[in-house]
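Structure first, commentary second.
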Amino acid sequence: MLKDLYRTFLEFLRTFGALQLFFLRLIAYSPAVLVRRFGLVVVQVFNAGALSLVIIMTCGFFVGGVLGLQGYSNLAKFNAEDSVGAFAALSLLKELGPVITALLFAGRAGTALASEIGLMRATEQLSAMEMMAVDPLRRVLVPRFLGAVISMPMLTAIFCVLGLLGAHLVAVDMLGVDSGAFWQQMRSSVESSDVWEGIIKSVVFGIAASLFAVWEGYNAIPTAEGVGRATTRTVVITAVSVLVLDFMITAVAI
Amino acid sequence: MNDAAEYLIEIRDLHYTRGQRAIFTGLNICIPRGQVIAIMGPSGTGKTTLLHLITRQLVPDSGTILVDGVDIATLNQKELYRLRRRFGVLFQNGALLTDLSVFENVAFPLREHTDLPNRLIRHVVLTKLHAVGLRGAADMMPAELSGGMARRVALARAMVMDPDILIYDEPFVGLDPISMGVIVRLVRKMNDVLGVSSILVSHDVQEITAVADRSYLISDGKVAASGSPDELNKASSDLVRQFMHGMADGPVAFHFDAPDYAEQLLGRDAE
């Protein structure tokens, strides 16, 4: 049993090392791809970003609405319902925006990437490219990776804006918090460091989500079952690692 | 390039093992210029693996593969990619890029490897599509094509860089008789008109007989027989006869290795 454990550990280290090398290769090819294949990257920003807009905006709006409701009812206990704007803004910027966007992104764009790349392998399209002396890493993986990495911070920003709109609608228009107080409290309590924390998180989560999606797709076992499993693993691994990374970044930031 | 090399591709004493299973144990094959060479064998003998070895998508355990007299094991990635541009490969299912139209699929190698102006690319691509009879399908997506059409598009794509060597991996599998006849004729025509050499991996004995100049029959990791299709048809070896005439049992057993039938039914094999 000890031997099995040892072997599993060794296997884990091997995969982890391979993942890091894979990541370094993606990064190393990125500048050249950005310059020479910019069109491909734009298409992928559209696929990963623009096509996720509806789900991100809807969810952002409702999350903001819930923040408005919860913030109002709890802050009212301390006669501090005017602070609901600050409460919603800080929650969205620092935590909910980046984390929920990353989770939704993994479900919407990550799975699409993993299954697309997995199916390209299963149908020998990647092999065919290699045979045509075209490196699939540069032609297929890096543009998709970059497209997703570029999309994530923008989606997070849109999520936060829609969230504030939702909070404003609930707190000000429905529950009667003064609009001036709502914005004023927000302005006085949100620092630029809070915004930076959100931006850094969204960038890190974006890299993690894209990396796992591309990696799982590229290493999928080329069968229907294998591609299905790769898609599932993409969501699970991204969700877990986003939450762990969130804890780590928050710990450093505070 | 070495014009003095007698054969275009020469495989010497090739050994390759996958997992526990030895796929090739001392394989020798020579592929002369300008001919259609068929590589046949029962399913699972590693025919497709052999193609991957020739194009170095896999690396052999030992033995050498010479292309134009150059050992491909010594090439770095840049040289390897340059070599691969001389190959045109037709995959089993065509392997068209599903996000590109038929036209863009055929244009793909040109766009990747050349800086030709669009007008010229269009000219070349339409010429190749015309050669396979699918100029009218240029704007269709791969998902809209039938199996036979997809394979013809893939053939057009394989030829678009004017390769020296065309490799066909099971080009006849799953095609109706008409599409099959079309592909057979195309294979022969491409070979004779364009002056390329062709390697054809298949187990469709009749089609091979119609098109190949010379065939190799692979079994148990070695070349079991070679010669023109007519010679193979008349061969006396049990294995060759079983394969060429499609007999169920013979040296290649119908049953996969299994414990004794009666013992297993009685449940004694578990002990």
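Chain labels A, B, ... are given in the sequence in which chains occur in the structure tokens; within each chain residues are numbered consecutively from 1, and ligands are likewise numbered from 1 in the order shown.
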
Within 7 Å of chain B, which residues of chain A show up? Give each one with its shortest atom-to-atom distance in Å (one decimal) and the two atoms involved, counting only C-alpha atoms, rows by chain then rising residue number, as a tab-separated table.
residue	atom	partner	partner_atom	distance
A:Thr123	CA	B:Ala95	CA	5.9
A:Glu124	CA	B:Ala95	CA	5.4
A:Gln125	CA	B:Ala95	CA	5.0
A:Ala128	CA	B:Ala95	CA	6.4
A:Met131	CA	B:Arg84	CA	6.1
A:Met132	CA	B:Arg85	CA	6.1
A:Ala133	CA	B:Tyr81	CA	4.8

Residue neighbourhood segment 143-156 of chain A, 9 Å, only C-alpha atoms, exclusion window fewer than 4 positions, as JSON, numbers by chain:
{"A": [26, 30, 33, 34, 37, 38, 40, 41, 42, 43, 44, 45, 46, 47, 48, 49, 50, 52, 53, 56, 57, 93, 97, 98, 99, 100, 101, 102, 105, 109, 110, 113, 137, 138, 139, 160, 161, 198, 199, 200, 201, 202, 203, 204, 205, 206, 207, 208, 209, 210, 211, 213, 214]}

For a test of reading the model, state the distance in Å between atom CA of Thr25 of chain B and atom CA of Glu130 of chain A, rounded to one decimal.
26.8 Å

Residues at most 8 Å from Val125 of chain B, counting only C-alpha atoms, excluding those fewer than 3 positions away in the same chain, as a PDB file with C-alpha atoms, in the first residue's frame?
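Contents of selection-v3.pdb, as written:
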ATOM      1  CA  PHE B 103     -11.547  26.184 -49.243  1.00  0.00           C
ATOM      2  CA  VAL B 106      -7.083  23.245 -48.509  1.00  0.00           C
ATOM      3  CA  ALA B 107      -5.533  26.701 -48.232  1.00  0.00           C
ATOM      4  CA  ILE B 121      -3.645  30.976 -53.103  1.00  0.00           C
ATOM      5  CA  ARG B 122      -7.145  31.048 -54.533  1.00  0.00           C
ATOM      6  CA  LYS B 128      -6.474  21.220 -56.428  1.00  0.00           C
ATOM      7  CA  LEU B 129     -10.178  21.137 -55.590  1.00  0.00           C
ATOM      8  CA  VAL B 160      -1.570  21.451 -52.045  1.00  0.00           C
TER       9      VAL B 160
END

Between atom CA of Trp215 of chain A and atom CA of Thr234 of chain A, what distance in Å does the model show, to one decimal?
8.7 Å

Need to verify the contact set: segment 167-181 of chain B, 9 Å, only C-alpha atoms, exclusion of same-chain residues closer than 3 positions in sequence. Can you return it as a VMD selection string?
chain B and resid 47 to 48 51 87 to 94 147 to 149 151 155 158 184 to 187 197 to 204 207

Please list as a VMD selection string every residue within 12 Å of segment 60-65 of chain A, counting only C-alpha atoms and excluding residues in the same chain fewer than 6 positions away.
chain A and resid 53 to 54 71 to 72 84 to 85 87 to 93 95 to 101 104 155 to 175

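For the atom pair formed by atom CA of Ala181 of chain A and atom CA of Ser83 of chain A, the distance is 7.6 Å, given to one decimal.
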